[in-house]
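Asks: My structure file my_file28.csv, CSV, N, CA and C atoms, is below:
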```csv
chain,number,residue,atom,x,y,z
R,1,MET,N,18.6,5.0,6.9
R,1,MET,CA,17.3,5.3,6.3
R,1,MET,C,16.3,4.3,6.7
R,2,SER,N,15.2,4.7,7.3
R,2,SER,CA,14.2,3.7,7.7
R,2,SER,C,13.3,3.4,6.5
R,3,GLY,N,12.6,2.3,6.6
R,3,GLY,CA,11.7,1.8,5.5
R,3,GLY,C,10.4,2.6,5.5
R,4,ILE,N,9.6,2.4,4.5
R,4,ILE,CA,8.3,3.1,4.4
R,4,ILE,C,7.4,2.6,5.5
R,5,GLN,N,6.7,3.5,6.1
R,5,GLN,CA,5.8,3.1,7.2
R,5,GLN,C,4.4,3.5,6.8
R,6,LEU,N,3.6,2.5,6.4
R,6,LEU,CA,2.2,2.8,6.0
R,6,LEU,C,1.2,2.5,7.2
R,7,SER,N,0.2,3.3,7.2
R,7,SER,CA,-0.9,3.0,8.2
R,7,SER,C,-2.2,3.5,7.6
R,8,SER,N,-3.3,3.0,8.2
R,8,SER,CA,-4.6,3.5,7.8
R,8,SER,C,-4.7,5.0,8.0
R,9,GLU,N,-4.1,5.4,9.1
R,9,GLU,CA,-4.2,6.9,9.4
R,9,GLU,C,-3.5,7.7,8.4
R,10,LEU,N,-2.4,7.3,7.9
R,10,LEU,CA,-1.6,8.0,6.9
R,10,LEU,C,-2.5,8.1,5.6
R,11,VAL,N,-3.0,6.9,5.2
R,11,VAL,CA,-3.8,6.9,4.0
R,11,VAL,C,-5.0,7.8,4.1
R,12,SER,N,-5.7,7.7,5.3
R,12,SER,CA,-6.9,8.6,5.5
R,12,SER,C,-6.6,10.0,5.4
R,13,ARG,N,-5.4,10.4,6.0
R,13,ARG,CA,-5.0,11.8,6.0
R,13,ARG,C,-4.7,12.3,4.5
R,14,LEU,N,-4.0,11.4,3.8
R,14,LEU,CA,-3.7,11.7,2.4
R,14,LEU,C,-5.0,11.9,1.6
R,15,GLN,N,-5.9,11.0,1.8
R,15,GLN,CA,-7.2,11.1,1.1
R,15,GLN,C,-7.9,12.3,1.5
R,16,ALA,N,-7.9,12.7,2.7
R,16,ALA,CA,-8.5,14.0,3.1
R,16,ALA,C,-7.9,15.2,2.5
R,17,VAL,N,-6.6,15.2,2.3
R,17,VAL,CA,-5.9,16.3,1.6
R,17,VAL,C,-6.4,16.3,0.1
R,18,VAL,N,-6.4,15.2,-0.5
R,18,VAL,CA,-6.9,15.2,-1.9
R,18,VAL,C,-8.3,15.6,-2.0
R,19,ALA,N,-9.1,15.1,-1.1
R,19,ALA,CA,-10.6,15.5,-1.1
R,19,ALA,C,-10.8,17.0,-0.9
R,20,GLU,N,-9.8,17.7,-0.2
R,20,GLU,CA,-9.9,19.1,-0.1
R,20,GLU,C,-9.8,19.8,-1.5
R,21,HIS,N,-9.0,19.2,-2.3
R,21,HIS,CA,-8.8,19.6,-3.7
R,21,HIS,C,-10.0,19.2,-4.6
R,22,ASP,N,-10.5,18.0,-4.4
R,22,ASP,CA,-11.6,17.5,-5.2
R,22,ASP,C,-12.5,16.6,-4.3
R,23,ALA,N,-13.6,17.1,-4.0
R,23,ALA,CA,-14.5,16.5,-3.0
R,23,ALA,C,-14.9,15.0,-3.4
R,24,GLU,N,-14.8,14.8,-4.7
R,24,GLU,CA,-15.2,13.4,-5.2
R,24,GLU,C,-14.1,12.4,-4.9
R,25,ALA,N,-12.9,12.9,-4.5
R,25,ALA,CA,-11.8,12.0,-4.2
R,25,ALA,C,-12.0,11.2,-2.9
R,26,ASP,N,-13.1,11.4,-2.2
R,26,ASP,CA,-13.4,10.5,-1.1
R,26,ASP,C,-13.8,9.1,-1.6
R,27,ASN,N,-14.0,9.0,-2.9
R,27,ASN,CA,-14.2,7.7,-3.6
R,27,ASN,C,-12.8,7.1,-3.7
R,28,ASP,N,-12.6,5.8,-3.2
R,28,ASP,CA,-11.3,5.2,-3.3
R,28,ASP,C,-10.7,5.0,-4.7
R,29,MET,N,-11.6,4.7,-5.7
R,29,MET,CA,-11.0,4.6,-7.0
R,29,MET,C,-10.5,5.9,-7.6
R,30,LEU,N,-11.2,7.0,-7.4
R,30,LEU,CA,-10.7,8.3,-7.8
R,30,LEU,C,-9.5,8.7,-7.0
R,31,PHE,N,-9.4,8.4,-5.7
R,31,PHE,CA,-8.3,8.7,-4.9
R,31,PHE,C,-7.0,7.9,-5.4
R,32,MET,N,-7.2,6.7,-5.8
R,32,MET,CA,-6.1,5.9,-6.4
R,32,MET,C,-5.6,6.5,-7.7
R,33,GLN,N,-6.5,7.1,-8.5
R,33,GLN,CA,-6.1,7.7,-9.7
R,33,GLN,C,-5.3,9.0,-9.4
R,34,TYR,N,-5.7,9.7,-8.4
R,34,TYR,CA,-4.9,10.9,-8.0
R,34,TYR,C,-3.5,10.5,-7.6
R,35,LEU,N,-3.4,9.4,-6.7
R,35,LEU,CA,-2.1,9.0,-6.3
R,35,LEU,C,-1.2,8.6,-7.5
R,36,THR,N,-1.8,7.9,-8.4
R,36,THR,CA,-1.0,7.5,-9.6
R,36,THR,C,-0.6,8.7,-10.5
R,37,ALA,N,-1.6,9.7,-10.6
R,37,ALA,CA,-1.3,10.9,-11.4
R,37,ALA,C,-0.2,11.7,-10.7
R,38,VAL,N,-0.2,11.8,-9.4
R,38,VAL,CA,0.8,12.5,-8.7
R,38,VAL,C,2.2,11.9,-8.9
R,39,THR,N,2.2,10.6,-8.9
R,39,THR,CA,3.5,9.9,-9.1
R,39,THR,C,4.0,10.2,-10.5
R,40,GLY,N,3.1,10.2,-11.5
R,40,GLY,CA,3.5,10.5,-12.9
R,40,GLY,C,3.9,12.0,-13.0
R,41,PHE,N,3.2,12.9,-12.3
R,41,PHE,CA,3.6,14.3,-12.3
R,41,PHE,C,5.0,14.5,-11.7
R,42,VAL,N,5.2,13.9,-10.6
R,42,VAL,CA,6.6,14.0,-10.0
R,42,VAL,C,7.6,13.4,-10.9
R,43,MET,N,7.4,12.2,-11.4
R,43,MET,CA,8.3,11.6,-12.3
R,43,MET,C,8.6,12.4,-13.5
R,44,ALA,N,7.6,13.1,-14.1
R,44,ALA,CA,7.8,13.9,-15.3
R,44,ALA,C,8.8,15.0,-15.1
R,45,HIS,N,8.9,15.5,-13.8
R,45,HIS,CA,9.8,16.6,-13.5
R,45,HIS,C,11.2,16.2,-13.1
R,46,GLN,N,11.4,14.8,-13.1
R,46,GLN,CA,12.8,14.4,-12.8
R,46,GLN,C,13.7,14.5,-14.0
R,47,THR,N,14.9,15.0,-13.8
R,47,THR,CA,15.8,15.3,-14.9
R,47,THR,C,17.2,14.7,-14.6
R,48,GLN,N,17.2,13.7,-13.7
R,48,GLN,CA,18.5,13.1,-13.5
R,48,GLN,C,19.0,12.3,-14.7
R,49,PRO,N,20.3,12.6,-15.1
R,49,PRO,CA,20.8,11.9,-16.3
R,49,PRO,C,20.8,10.4,-16.0
R,50,GLY,N,20.4,9.6,-17.1
R,50,GLY,CA,20.4,8.2,-17.0
R,50,GLY,C,19.2,7.6,-16.3
R,51,LEU,N,18.3,8.4,-15.9
R,51,LEU,CA,17.1,7.9,-15.2
R,51,LEU,C,16.2,7.2,-16.3
R,52,ASP,N,16.0,6.0,-16.1
R,52,ASP,CA,15.1,5.2,-17.1
R,52,ASP,C,13.7,5.2,-16.5
R,53,LYS,N,12.9,6.2,-17.0
R,53,LYS,CA,11.6,6.3,-16.5
R,53,LYS,C,10.7,5.1,-16.7
R,54,PRO,N,10.7,4.5,-17.9
R,54,PRO,CA,9.9,3.3,-18.1
R,54,PRO,C,10.3,2.2,-17.1
R,55,GLU,N,11.5,2.0,-16.8
R,55,GLU,CA,12.0,1.0,-15.9
R,55,GLU,C,11.5,1.4,-14.5
R,56,LEU,N,11.6,2.6,-14.1
R,56,LEU,CA,11.1,3.0,-12.8
R,56,LEU,C,9.6,2.8,-12.6
R,57,ILE,N,8.9,3.1,-13.7
R,57,ILE,CA,7.4,2.9,-13.7
R,57,ILE,C,7.2,1.4,-13.4
R,58,ALA,N,7.9,0.5,-14.1
R,58,ALA,CA,7.7,-0.9,-13.9
R,58,ALA,C,8.1,-1.3,-12.5
R,59,ASP,N,9.2,-0.8,-12.0
R,59,ASP,CA,9.6,-1.1,-10.6
R,59,ASP,C,8.5,-0.6,-9.6
R,60,LEU,N,8.0,0.5,-9.8
R,60,LEU,CA,7.0,1.0,-8.9
R,60,LEU,C,5.7,0.2,-9.0
R,61,SER,N,5.4,-0.3,-10.2
R,61,SER,CA,4.2,-1.1,-10.3
R,61,SER,C,4.4,-2.5,-9.6
R,62,GLY,N,5.6,-3.0,-9.7
R,62,GLY,CA,5.9,-4.2,-9.0
R,62,GLY,C,5.9,-4.0,-7.5
R,63,PHE,N,6.4,-2.9,-7.0
R,63,PHE,CA,6.4,-2.6,-5.6
R,63,PHE,C,4.9,-2.5,-5.1
R,64,MET,N,4.1,-1.8,-5.9
R,64,MET,CA,2.7,-1.7,-5.5
R,64,MET,C,2.0,-3.1,-5.4
R,65,ALA,N,2.4,-4.0,-6.3
R,65,ALA,CA,1.8,-5.3,-6.2
R,65,ALA,C,2.3,-6.0,-5.0
R,66,GLN,N,3.5,-5.8,-4.6
R,66,GLN,CA,4.0,-6.4,-3.3
R,66,GLN,C,3.3,-5.9,-2.1
R,67,VAL,N,3.0,-4.6,-2.1
R,67,VAL,CA,2.3,-4.0,-1.0
R,67,VAL,C,0.9,-4.6,-0.9
R,68,VAL,N,0.2,-4.7,-2.1
R,68,VAL,CA,-1.1,-5.3,-2.1
R,68,VAL,C,-1.1,-6.7,-1.5
R,69,LYS,N,-0.2,-7.5,-2.0
R,69,LYS,CA,-0.1,-8.9,-1.5
R,69,LYS,C,0.2,-8.9,0.0
R,70,GLN,N,1.1,-8.1,0.5
R,70,GLN,CA,1.4,-8.1,1.9
R,70,GLN,C,0.3,-7.6,2.8
R,71,VAL,N,-0.4,-6.5,2.4
R,71,VAL,CA,-1.5,-6.0,3.2
R,71,VAL,C,-2.7,-7.0,3.2
R,72,GLU,N,-2.9,-7.6,2.0
R,72,GLU,CA,-4.0,-8.6,2.0
R,72,GLU,C,-3.7,-9.8,2.9
R,73,SER,N,-2.4,-10.2,2.9
R,73,SER,CA,-2.0,-11.3,3.8
R,73,SER,C,-2.1,-10.9,5.3
R,74,ASP,N,-1.7,-9.6,5.6
R,74,ASP,CA,-1.8,-9.2,6.9
R,74,ASP,C,-3.2,-9.1,7.4
R,75,ASN,N,-4.2,-8.8,6.5
R,75,ASN,CA,-5.6,-8.6,6.9
R,75,ASN,C,-6.4,-9.9,6.8
R,76,LYS,N,-5.8,-11.0,6.3
R,76,LYS,CA,-6.4,-12.2,6.2
R,76,LYS,C,-6.7,-12.8,7.6
R,77,PRO,N,-8.0,-13.2,7.8
R,77,PRO,CA,-8.2,-13.8,9.1
R,77,PRO,C,-7.4,-15.0,9.4
R,78,GLN,N,-6.8,-15.1,10.5
R,78,GLN,CA,-6.0,-16.2,10.9
R,78,GLN,C,-6.9,-17.4,11.4
R,79,ALA,N,-6.6,-18.6,11.0
R,79,ALA,CA,-7.3,-19.7,11.5
R,79,ALA,C,-7.0,-19.9,12.9
R,80,PRO,N,-8.0,-20.2,13.7
R,80,PRO,CA,-7.7,-20.4,15.2
R,80,PRO,C,-6.8,-21.6,15.3
R,81,GLN,N,-5.8,-21.5,16.2
R,81,GLN,CA,-4.9,-22.6,16.5
R,81,GLN,C,-5.6,-23.6,17.3
R,82,GLU,N,-5.4,-24.9,16.9
R,82,GLU,CA,-6.0,-25.9,17.7
R,82,GLU,C,-5.2,-26.2,18.9
R,83,GLY,N,-5.8,-26.2,20.0
R,83,GLY,CA,-5.1,-26.5,21.3
R,83,GLY,C,-5.3,-27.9,21.7
R,84,SER,N,-4.5,-28.3,22.6
R,84,SER,CA,-4.6,-29.6,23.2
R,84,SER,C,-5.8,-29.6,24.1
R,85,PHE,N,-6.4,-30.8,24.3
R,85,PHE,CA,-7.4,-30.9,25.2
R,85,PHE,C,-7.4,-32.3,25.8
R,86,GLY,N,-8.1,-32.5,26.9
R,86,GLY,CA,-8.1,-33.8,27.5
R,86,GLY,C,-7.2,-33.8,28.7
R,87,ILE,N,-7.1,-35.0,29.3
R,87,ILE,CA,-6.2,-35.2,30.4
R,87,ILE,C,-5.2,-36.2,30.1
R,88,TRP,N,-4.0,-35.9,30.3
R,88,TRP,CA,-2.9,-36.8,30.0
R,88,TRP,C,-2.7,-37.7,31.3
R,89,LYS,N,-2.6,-38.9,31.0
R,89,LYS,CA,-2.3,-39.9,32.1
R,89,LYS,C,-1.1,-40.7,31.8
R,90,PRO,N,-0.1,-40.7,32.6
R,90,PRO,CA,1.1,-41.6,32.3
R,90,PRO,C,0.7,-43.0,32.3
R,91,GLU,N,1.3,-43.8,31.5
R,91,GLU,CA,1.0,-45.2,31.4
R,91,GLU,C,1.9,-46.0,32.3
```
Could I get this structure in the form of structure tokens?
Replies:
Amino acid sequence: MSGIQLSSELVSRLQAVVAEHDAEADNDMLFMQYLTAVTGFVMAHQTQPGLDKPELIADLSGFMAQVVKQVESDNKPQAPQEGSFGIWKPE
């Protein structure tokens, strides 16, 4: 099983689908509410015995925080690397 693969294109396409349902969902804050509500809707329909829904909600929240941290880190401008300069002369 491969890991989750996120991209700006995937997020844009998902937002476009939600905006087809609700034109106001082109607003990022409302779009995030839809994503959260969809997660709750799907979870509410899970009937696996022993599924601890509050624990899963906490796990998903932690996972979301990790994604935020990683994406922010990936998007952080990198400081230019200082290169060597000058002429080296053997002594």
Asks: What lies within 7 Å of range 27-42 of chain R using all atoms listed in the file, ignoring chain neighbours under 4 positions off, as a compact mmCIF listing (two decimals) with N, CA and C atoms, keeping the file's coordinate frame?
Replies:
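Written output follows (selection_4.txt):
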```
# COMPACT_ATOMS: atom_id res chain seq x y z
N GLN R 15 -5.90 11.00 1.80
CA GLN R 15 -7.20 11.10 1.10
C GLN R 15 -7.90 12.30 1.50
N ALA R 23 -13.60 17.10 -4.00
CA ALA R 23 -14.50 16.50 -3.00
C ALA R 23 -14.90 15.00 -3.40
N GLN R 46 11.40 14.80 -13.10
CA GLN R 46 12.80 14.40 -12.80
C GLN R 46 13.70 14.50 -14.00
```
Asks: Run DSSP on the backbone and tell me which residues of chain R come out as helix (DSSP H, G or I); list them as number ranges by chain.
Replies: R: 8-21, 23-26, 28-44, 53-75
Asks: Interatomic distance between atom C of Val67 in chain R and atom C of Met43 in chain R?
Replies: 22.5 Å
Asks: Could you work out how far atom N of Ile4 in chain R lies from CA of Phe63 in chain R, giving the answer in Å with one decimal?
Replies: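 According to the coordinates, CA of Phe63 in chain R and atom N of Ile4 in chain R are separated by 11.7 Å.
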Asks: State, in Å with one decimal place, the distance from atom N of Asp52 in chain R to atom N of Gln70 in chain R.
Replies: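 Here the two named atoms are 26.4 Å from each other.
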